[in-house]
$ cat protein.pdb   # PDB, C-alpha atoms
ATOM      1  CA  ALA A   1      -9.032   3.789  15.119
ATOM      2  CA  GLN A   2      -7.704   0.722  13.412
ATOM      3  CA  THR A   3      -4.080  -0.222  13.794
ATOM      4  CA  VAL A   4      -1.894  -2.868  12.203
ATOM      5  CA  THR A   5       1.229  -4.181  13.891
ATOM      6  CA  GLN A   6       4.040  -6.254  12.443
ATOM      7  CA  SER A   7       6.388  -7.102  15.269
ATOM      8  CA  GLN A   8       9.191  -8.638  13.191
ATOM      9  CA  PRO A   9      11.237  -5.939  11.445
ATOM     10  CA  GLU A  10      13.528  -8.481   9.770
ATOM     11  CA  MET A  11      13.500 -12.191   9.108
ATOM     12  CA  SER A  12      15.568 -14.631   7.118
ATOM     13  CA  VAL A  13      14.956 -18.133   5.791
ATOM     14  CA  GLN A  14      16.893 -20.678   3.814
ATOM     15  CA  GLU A  15      15.792 -21.368   0.301
ATOM     16  CA  ALA A  16      13.147 -24.130   0.096
ATOM     17  CA  GLU A  17      12.202 -23.771   3.757
ATOM     18  CA  THR A  18       9.024 -22.356   5.261
ATOM     19  CA  VAL A  19       8.689 -19.026   7.030
ATOM     20  CA  THR A  20       5.824 -17.315   8.813
ATOM     21  CA  LEU A  21       5.387 -13.564   9.081
ATOM     22  CA  SER A  22       3.232 -12.204  11.880
ATOM     23  CA  CYS A  23       0.601  -9.491  11.836
ATOM     24  CA  THR A  24      -1.900  -8.347  14.420
ATOM     25  CA  TYR A  25      -4.558  -5.705  14.087
ATOM     26  CA  ASP A  26      -7.029  -3.856  16.193
ATOM     27  CA  THR A  27     -10.560  -3.002  15.130
ATOM     28  CA  SER A  28     -14.074  -2.921  16.497
ATOM     29  CA  GLU A  29     -15.597  -3.760  13.141
ATOM     30  CA  SER A  30     -17.002  -7.152  12.309
ATOM     31  CA  ASN A  31     -16.686  -6.883   8.536
ATOM     32  CA  TYR A  32     -13.300  -6.050   7.074
ATOM     33  CA  TYR A  33     -10.577  -7.256   4.760
ATOM     34  CA  LEU A  34      -6.935  -8.076   5.281
ATOM     35  CA  PHE A  35      -4.140  -8.082   2.754
ATOM     36  CA  TRP A  36      -0.499  -8.972   2.410
ATOM     37  CA  TYR A  37       1.511  -6.913  -0.055
ATOM     38  CA  LYS A  38       5.055  -7.631  -1.184
ATOM     39  CA  GLN A  39       7.527  -4.875  -2.013
ATOM     40  CA  PRO A  40      10.705  -6.194  -3.699
ATOM     41  CA  PRO A  41      13.769  -4.000  -4.244
ATOM     42  CA  SER A  42      12.086  -2.623  -7.363
ATOM     43  CA  ARG A  43       9.681  -1.008  -4.801
ATOM     44  CA  GLN A  44       6.597  -2.118  -6.733
ATOM     45  CA  MET A  45       3.763  -2.986  -4.330
ATOM     46  CA  ILE A  46       2.400  -6.388  -5.299
ATOM     47  CA  LEU A  47      -0.659  -8.043  -3.798
ATOM     48  CA  VAL A  48       0.208 -11.443  -2.388
ATOM     49  CA  ILE A  49      -3.031 -12.575  -0.794
ATOM     50  CA  ARG A  50      -6.214 -11.256   0.757
ATOM     51  CA  GLN A  51      -8.716 -12.500   3.315
ATOM     52  CA  GLU A  52     -12.320 -11.530   3.936
ATOM     53  CA  ALA A  53     -13.106 -11.463   7.647
ATOM     54  CA  TYR A  54     -16.463 -13.168   7.182
ATOM     55  CA  LYS A  55     -14.812 -16.224   5.655
ATOM     56  CA  GLN A  56     -13.636 -18.860   8.075
ATOM     57  CA  GLN A  57     -11.492 -20.620   5.512
ATOM     58  CA  ASN A  58      -7.932 -19.376   5.301
ATOM     59  CA  ALA A  59      -6.924 -17.934   1.936
ATOM     60  CA  THR A  60      -4.273 -19.719  -0.128
ATOM     61  CA  GLU A  61      -2.380 -18.653  -3.239
ATOM     62  CA  ASN A  62       0.080 -21.272  -4.418
ATOM     63  CA  ARG A  63       2.999 -21.216  -1.928
ATOM     64  CA  PHE A  64       1.398 -18.458   0.141
ATOM     65  CA  SER A  65      -1.228 -19.069   2.785
ATOM     66  CA  VAL A  66      -2.581 -17.230   5.780
ATOM     67  CA  ASN A  67      -3.545 -18.197   9.283
ATOM     68  CA  PHE A  68      -6.471 -15.943  10.094
ATOM     69  CA  GLN A  69      -7.496 -15.961  13.747
ATOM     70  CA  LYS A  70     -10.381 -13.506  13.999
ATOM     71  CA  ALA A  71     -10.874 -13.706  17.748
ATOM     72  CA  ALA A  72      -7.186 -13.108  18.343
ATOM     73  CA  LYS A  73      -7.050 -10.462  15.592
ATOM     74  CA  SER A  74      -4.107 -12.200  14.043
ATOM     75  CA  PHE A  75      -3.289 -12.587  10.352
ATOM     76  CA  SER A  76      -0.010 -14.362   9.678
ATOM     77  CA  LEU A  77       1.481 -15.166   6.275
ATOM     78  CA  LYS A  78       3.150 -18.502   5.613
ATOM     79  CA  ILE A  79       5.506 -18.864   2.689
ATOM     80  CA  SER A  80       6.285 -22.461   1.782
ATOM     81  CA  ASP A  81       9.234 -23.615  -0.320
ATOM     82  CA  SER A  82      10.824 -20.174  -0.096
ATOM     83  CA  GLN A  83      12.494 -18.910  -3.251
ATOM     84  CA  LEU A  84      15.160 -16.272  -3.767
ATOM     85  CA  GLY A  85      12.567 -14.133  -5.534
ATOM     86  CA  ASP A  86      10.566 -13.975  -2.315
ATOM     87  CA  THR A  87      13.185 -11.629  -0.873
ATOM     88  CA  ALA A  88      11.252  -8.416  -0.232
ATOM     89  CA  MET A  89       9.532  -6.297   2.356
ATOM     90  CA  TYR A  90       6.095  -7.613   3.261
ATOM     91  CA  PHE A  91       3.291  -5.382   4.447
ATOM     92  CA  CYS A  92       0.142  -6.424   6.214
ATOM     93  CA  ALA A  93      -2.822  -4.130   5.529
ATOM     94  CA  PHE A  94      -6.352  -3.650   6.836
ATOM     95  CA  SER A  95      -9.419  -2.264   5.105
ATOM     96  CA  GLY A  96     -12.711  -1.813   6.887
ATOM     97  CA  SER A  97     -16.090  -0.378   6.107
ATOM     98  CA  SER A  98     -15.761   2.507   8.585
ATOM     99  CA  ASN A  99     -12.707   3.915   6.846
ATOM    100  CA  THR A 100     -14.335   3.585   3.441
ATOM    101  CA  GLY A 101     -11.824   1.216   2.045
ATOM    102  CA  LYS A 102      -8.616   2.989   2.950
ATOM    103  CA  LEU A 103      -5.705   0.660   3.475
ATOM    104  CA  ILE A 104      -3.973   0.879   6.823
ATOM    105  CA  PHE A 105      -0.530  -0.646   6.666
ATOM    106  CA  GLY A 106       1.731  -2.237   9.195
ATOM    107  CA  GLN A 107       5.376  -1.231   9.508
ATOM    108  CA  GLY A 108       6.573  -4.026   7.267
ATOM    109  CA  THR A 109       8.821  -7.071   7.654
ATOM    110  CA  THR A 110      11.949  -7.407   5.568
ATOM    111  CA  LEU A 111      12.408 -11.018   4.472
ATOM    112  CA  GLN A 112      15.737 -12.303   3.208
ATOM    113  CA  VAL A 113      15.784 -15.681   1.485
ATOM    114  CA  LYS A 114      19.263 -17.165   1.610
ATOM    115  CA  PRO A 115      20.639 -19.640  -0.943
TER     116      PRO A 115
ATOM    117  CA  ASP B   1      -3.865  -4.156 -18.980
ATOM    118  CA  ALA B   2      -1.068  -1.632 -18.503
ATOM    119  CA  GLY B   3      -1.551  -1.323 -14.765
ATOM    120  CA  VAL B   4      -1.305   1.943 -12.865
ATOM    121  CA  ILE B   5       1.112   4.311 -14.572
ATOM    122  CA  GLN B   6       3.076   6.952 -12.698
ATOM    123  CA  SER B   7       5.425   9.612 -13.956
ATOM    124  CA  PRO B   8       8.109  10.561 -13.473
ATOM    125  CA  ARG B   9       9.747   7.525 -11.865
ATOM    126  CA  HIS B  10      12.421   9.707 -10.319
ATOM    127  CA  GLU B  11      12.400  13.401  -9.555
ATOM    128  CA  VAL B  12      15.205  15.458  -8.108
ATOM    129  CA  THR B  13      14.503  19.088  -7.376
ATOM    130  CA  GLU B  14      15.681  21.925  -5.218
ATOM    131  CA  MET B  15      13.949  23.261  -2.176
ATOM    132  CA  GLY B  16      11.308  25.818  -3.071
ATOM    133  CA  GLN B  17      10.541  24.403  -6.490
ATOM    134  CA  GLU B  18       7.137  23.140  -7.562
ATOM    135  CA  VAL B  19       6.823  19.410  -8.101
ATOM    136  CA  THR B  20       4.019  17.652  -9.974
ATOM    137  CA  LEU B  21       3.533  13.910  -9.834
ATOM    138  CA  ARG B  22       1.217  12.198 -12.286
ATOM    139  CA  CYS B  23      -0.893   9.080 -12.221
ATOM    140  CA  LYS B  24      -3.004   7.188 -14.716
ATOM    141  CA  PRO B  25      -5.232   4.604 -13.015
ATOM    142  CA  ILE B  26      -6.256   1.283 -14.486
ATOM    143  CA  SER B  27      -9.015   1.771 -17.037
ATOM    144  CA  GLY B  28     -12.419   1.167 -15.484
ATOM    145  CA  HIS B  29     -11.269   1.806 -11.934
ATOM    146  CA  ASN B  30     -13.140   4.604 -10.229
ATOM    147  CA  SER B  31     -11.219   4.987  -6.973
ATOM    148  CA  LEU B  32      -7.740   6.466  -6.820
ATOM    149  CA  PHE B  33      -5.387   6.754  -3.862
ATOM    150  CA  TRP B  34      -2.153   8.660  -3.247
ATOM    151  CA  TYR B  35       0.275   7.232  -0.659
ATOM    152  CA  ARG B  36       3.631   8.380   0.636
ATOM    153  CA  GLN B  37       6.328   6.018   1.888
ATOM    154  CA  THR B  38       9.182   7.103   4.142
ATOM    155  CA  MET B  39      11.491   5.233   6.458
ATOM    156  CA  MET B  40      10.213   7.124   9.469
ATOM    157  CA  ARG B  41       6.461   6.991   8.837
ATOM    158  CA  GLY B  42       6.062   3.965   6.608
ATOM    159  CA  LEU B  43       3.172   3.964   4.135
ATOM    160  CA  GLU B  44       0.594   6.638   4.746
ATOM    161  CA  LEU B  45      -2.473   7.625   2.769
ATOM    162  CA  LEU B  46      -2.484  11.222   1.605
ATOM    163  CA  ILE B  47      -5.786  11.525  -0.259
ATOM    164  CA  TYR B  48      -8.238   9.449  -2.203
ATOM    165  CA  PHE B  49     -10.837  10.055  -4.863
ATOM    166  CA  ASN B  50     -13.986   8.268  -5.890
ATOM    167  CA  ASN B  51     -15.458   9.063  -9.298
ATOM    168  CA  ASN B  52     -12.988  11.951  -9.557
ATOM    169  CA  VAL B  53     -14.220  13.551  -6.326
ATOM    170  CA  PRO B  54     -11.881  13.874  -3.323
ATOM    171  CA  ILE B  55     -13.364  11.851  -0.478
ATOM    172  CA  ASP B  56     -10.780  12.167   2.260
ATOM    173  CA  ASP B  57      -7.766  14.474   2.226
ATOM    174  CA  SER B  58      -7.056  14.296   5.940
ATOM    175  CA  GLY B  59      -3.686  12.730   5.233
ATOM    176  CA  MET B  60      -2.397  15.643   3.201
ATOM    177  CA  PRO B  61       0.412  17.035   5.361
ATOM    178  CA  GLU B  62      -0.158  20.724   4.799
ATOM    179  CA  ASP B  63      -1.306  23.362   2.365
ATOM    180  CA  ARG B  64       1.769  22.920   0.259
ATOM    181  CA  PHE B  65       0.250  19.689  -1.005
ATOM    182  CA  SER B  66      -2.661  19.581  -3.412
ATOM    183  CA  ALA B  67      -4.208  16.867  -5.569
ATOM    184  CA  LYS B  68      -6.589  16.914  -8.484
ATOM    185  CA  MET B  69      -8.405  14.392 -10.602
ATOM    186  CA  PRO B  70      -9.820  16.237 -13.617
ATOM    187  CA  ASN B  71     -11.064  13.039 -15.255
ATOM    188  CA  ALA B  72     -11.264   9.310 -14.700
ATOM    189  CA  SER B  73      -7.922   8.622 -16.322
ATOM    190  CA  PHE B  74      -5.623  11.197 -14.758
ATOM    191  CA  SER B  75      -4.609  12.575 -11.390
ATOM    192  CA  THR B  76      -1.880  14.884 -10.154
ATOM    193  CA  LEU B  77      -0.239  15.468  -6.808
ATOM    194  CA  LYS B  78       1.466  18.835  -6.532
ATOM    195  CA  ILE B  79       3.872  20.123  -3.923
ATOM    196  CA  GLN B  80       4.517  23.851  -3.902
ATOM    197  CA  PRO B  81       6.953  24.859  -2.529
ATOM    198  CA  SER B  82       8.846  21.639  -1.987
ATOM    199  CA  GLU B  83      10.992  21.038   1.100
ATOM    200  CA  PRO B  84      13.679  18.435   1.864
ATOM    201  CA  ARG B  85      11.322  16.637   4.272
ATOM    202  CA  ASP B  86       9.034  15.895   1.329
ATOM    203  CA  SER B  87      11.626  13.458   0.008
ATOM    204  CA  ALA B  88       9.886  10.087  -0.200
ATOM    205  CA  VAL B  89       8.415   7.551  -2.576
ATOM    206  CA  TYR B  90       4.930   8.526  -3.690
ATOM    207  CA  PHE B  91       2.567   5.789  -4.809
ATOM    208  CA  CYS B  92      -0.652   5.995  -6.707
ATOM    209  CA  ALA B  93      -3.128   3.112  -6.464
ATOM    210  CA  SER B  94      -6.476   2.442  -8.070
ATOM    211  CA  ARG B  95      -9.416   0.226  -7.284
ATOM    212  CA  ARG B  96     -12.317  -0.981  -9.360
ATOM    213  CA  ASP B  97     -15.017   0.523  -7.170
ATOM    214  CA  PHE B  98     -15.647   1.971  -3.769
ATOM    215  CA  ALA B  99     -16.384  -1.291  -2.032
ATOM    216  CA  GLU B 100     -13.855  -2.183   0.590
ATOM    217  CA  ALA B 101     -13.611  -5.699  -0.765
ATOM    218  CA  ASP B 102     -11.786  -4.619  -3.844
ATOM    219  CA  THR B 103      -8.072  -4.811  -4.079
ATOM    220  CA  GLN B 104      -5.984  -1.710  -4.603
ATOM    221  CA  TYR B 105      -3.424  -1.976  -7.387
ATOM    222  CA  PHE B 106      -0.315   0.124  -7.027
ATOM    223  CA  GLY B 107       1.790   1.957  -9.543
ATOM    224  CA  PRO B 108       5.591   1.703  -9.549
ATOM    225  CA  GLY B 109       5.976   4.856  -7.464
ATOM    226  CA  THR B 110       7.816   8.130  -7.916
ATOM    227  CA  ARG B 111      10.979   8.602  -5.908
ATOM    228  CA  LEU B 112      11.178  12.306  -5.011
ATOM    229  CA  THR B 113      14.365  13.875  -3.730
ATOM    230  CA  VAL B 114      14.272  17.495  -2.619
ATOM    231  CA  LEU B 115      17.732  18.995  -2.128
TER     232      LEU B 115
END

$ encode --input "protein.pdb" --output "structure tokens"
Amino acid sequence: AQTVTQSQPEMSVQEAETVTLSCTYDTSESNYYLFWYKQPPSRQMILVIRQEAYKQQNATENRFSVNFQKAAKSFSLKISDSQLGDTAMYFCAFSGSSNTGKLIFGQGTTLQVKP
Amino acid sequence: DAGVIQSPRHEVTEMGQEVTLRCKPISGHNSLFWYRQTMMRGLELLIYFNNNVPIDDSGMPEDRFSAKMPNASFSTLKIQPSEPRDSAVYFCASRRDFAEADTQYFGPGTRLTVL
């Protein structure tokens, strides 16, 4: 069975600085997809970024980028130039072909951006 | 696009009462997912549908929970009878098709409190 682990329950960063959130996963599949979702206090789940496992190039969306290490089964999220609006809980999620597209979530990391 | 719509946003009920949560997926999406979020268990998938047909309901906690999708634009999650341990945020998400590559888009959630 696939598992997703986020080992940092809470993190904080000063505004305008860079922070990296960690995520590891376990799977025997070769083709799968990884996601980072953001959940602000409004509790809305918002897609931040996604990565296809077959792509070697790391995904980037504006200030958000990932470091995808397939052999190590690691999928970290880097937030550059942190903004107060980035304060939220961040979830790493896995979706593979064997589980027919179900999302398996990590426990989440609460990020606090300080002014 | 209106996004995934859920109602009600908040529900407070007494133990033993029937609760019905509603979801309208994004138009054109043919996969629909129900998730539950609690502090103890995090985000967990309850059931999902493809083309209105339930594909996997292994996450449904017990017989008190049931879900239906009578058409492509509407789904319900019913709890009867409700218990205090059912208190959680319930999310509905939809996806364009069954392929694992597609992103799931979440509704705003329904916060259920069972007294």

$ closest_residue --input "protein.pdb" --among "B:Thr13, B:Gln37, B:Ser66, B:Thr113" --to "chain A" --atoms "all atoms listed in the file"
B:Gln37

$ interface_residues --input "protein.pdb" --of "chain A" --to "chain B" --cutoff "10 Å" --atoms "only C-alpha atoms" --output "ChimeraX atom specification"
/A:31-35,42-47,49-52,91,94-108

$ resolve_selection --input "protein.pdb" --expression "the PyMOL selection byres ((chain A and resi 115) around 10)" --output "number ranges by chain"
A: 13-16, 82-84, 112-114

$ residues_near_point --input "protein.pdb" --point "(7.6, -17.9, 8.5)" --cutoff "7 Å" --atoms "all atoms listed in the file" --output "list of chain:residue names"
A:Thr18, A:Val19, A:Thr20, A:Leu21, A:Lys78, A:Ile79

$ atom_distance --input "protein.pdb" --atom1 "CA of Ala93 (chain A)" --atom2 "CA of Gln69 (chain A)"
15.1 Å

$ resolve_selection --input "protein.pdb" --expression "the PyMOL selection byres ((chain A and resi 71) around 12)" --output "ChimeraX atom specification"
/A:24-30,53-54,56,68-70,72-75

$ residues_around --input "protein.pdb" --residues "Leu115 (chain B)" --least-positions-apart "6" --cutoff "6 Å" --atoms "all atoms listed in the file" --output "ChimeraX atom specification"
/B:14-15,84

$ atom_distance --input "protein.pdb" --atom1 "CA of Glu17 (chain A)" --atom2 "CA of Pro41 (chain A)"
21.4 Å

$ closest_residue --input "protein.pdb" --among "B:Cys23, B:Glu83, B:Ala72, B:Trp34" --to "Arg96 (chain B)" --atoms "only C-alpha atoms"
B:Ala72

$ atom_distance --input "protein.pdb" --atom1 "CA of Asp57 (chain B)" --atom2 "CA of Leu77 (chain B)"
11.8 Å

$ axis_aligned_box --input "protein.pdb" --around "region 51-58 of chain A" --padding-each-side "4 Å" --output "AutoDock Vina command-line options"
--center_x -12.2 --center_y -16.0 --center_z 5.7 --size_x 16.5 --size_y 17.2 --size_z 12.8

$ closest_residue --input "protein.pdb" --among "B:Leu112, B:Leu32, B:Thr20, B:Arg9" --to "Phe74 (chain B)" --atoms "all atoms listed in the file"
B:Leu32

$ resolve_selection --input "protein.pdb" --expression "the PyMOL selection byres ((chain B and resi 18) around 7)" --output "PyMOL selection string"
chain B and resi 16-17+19-20+79-82

$ residues_around --input "protein.pdb" --residues "Lys24 (chain B)" --least-positions-apart "3" --cutoff "10 Å" --atoms "all atoms listed in the file" --output "ChimeraX atom specification"
/B:2-7,27,32,69,71-76,92-94,107
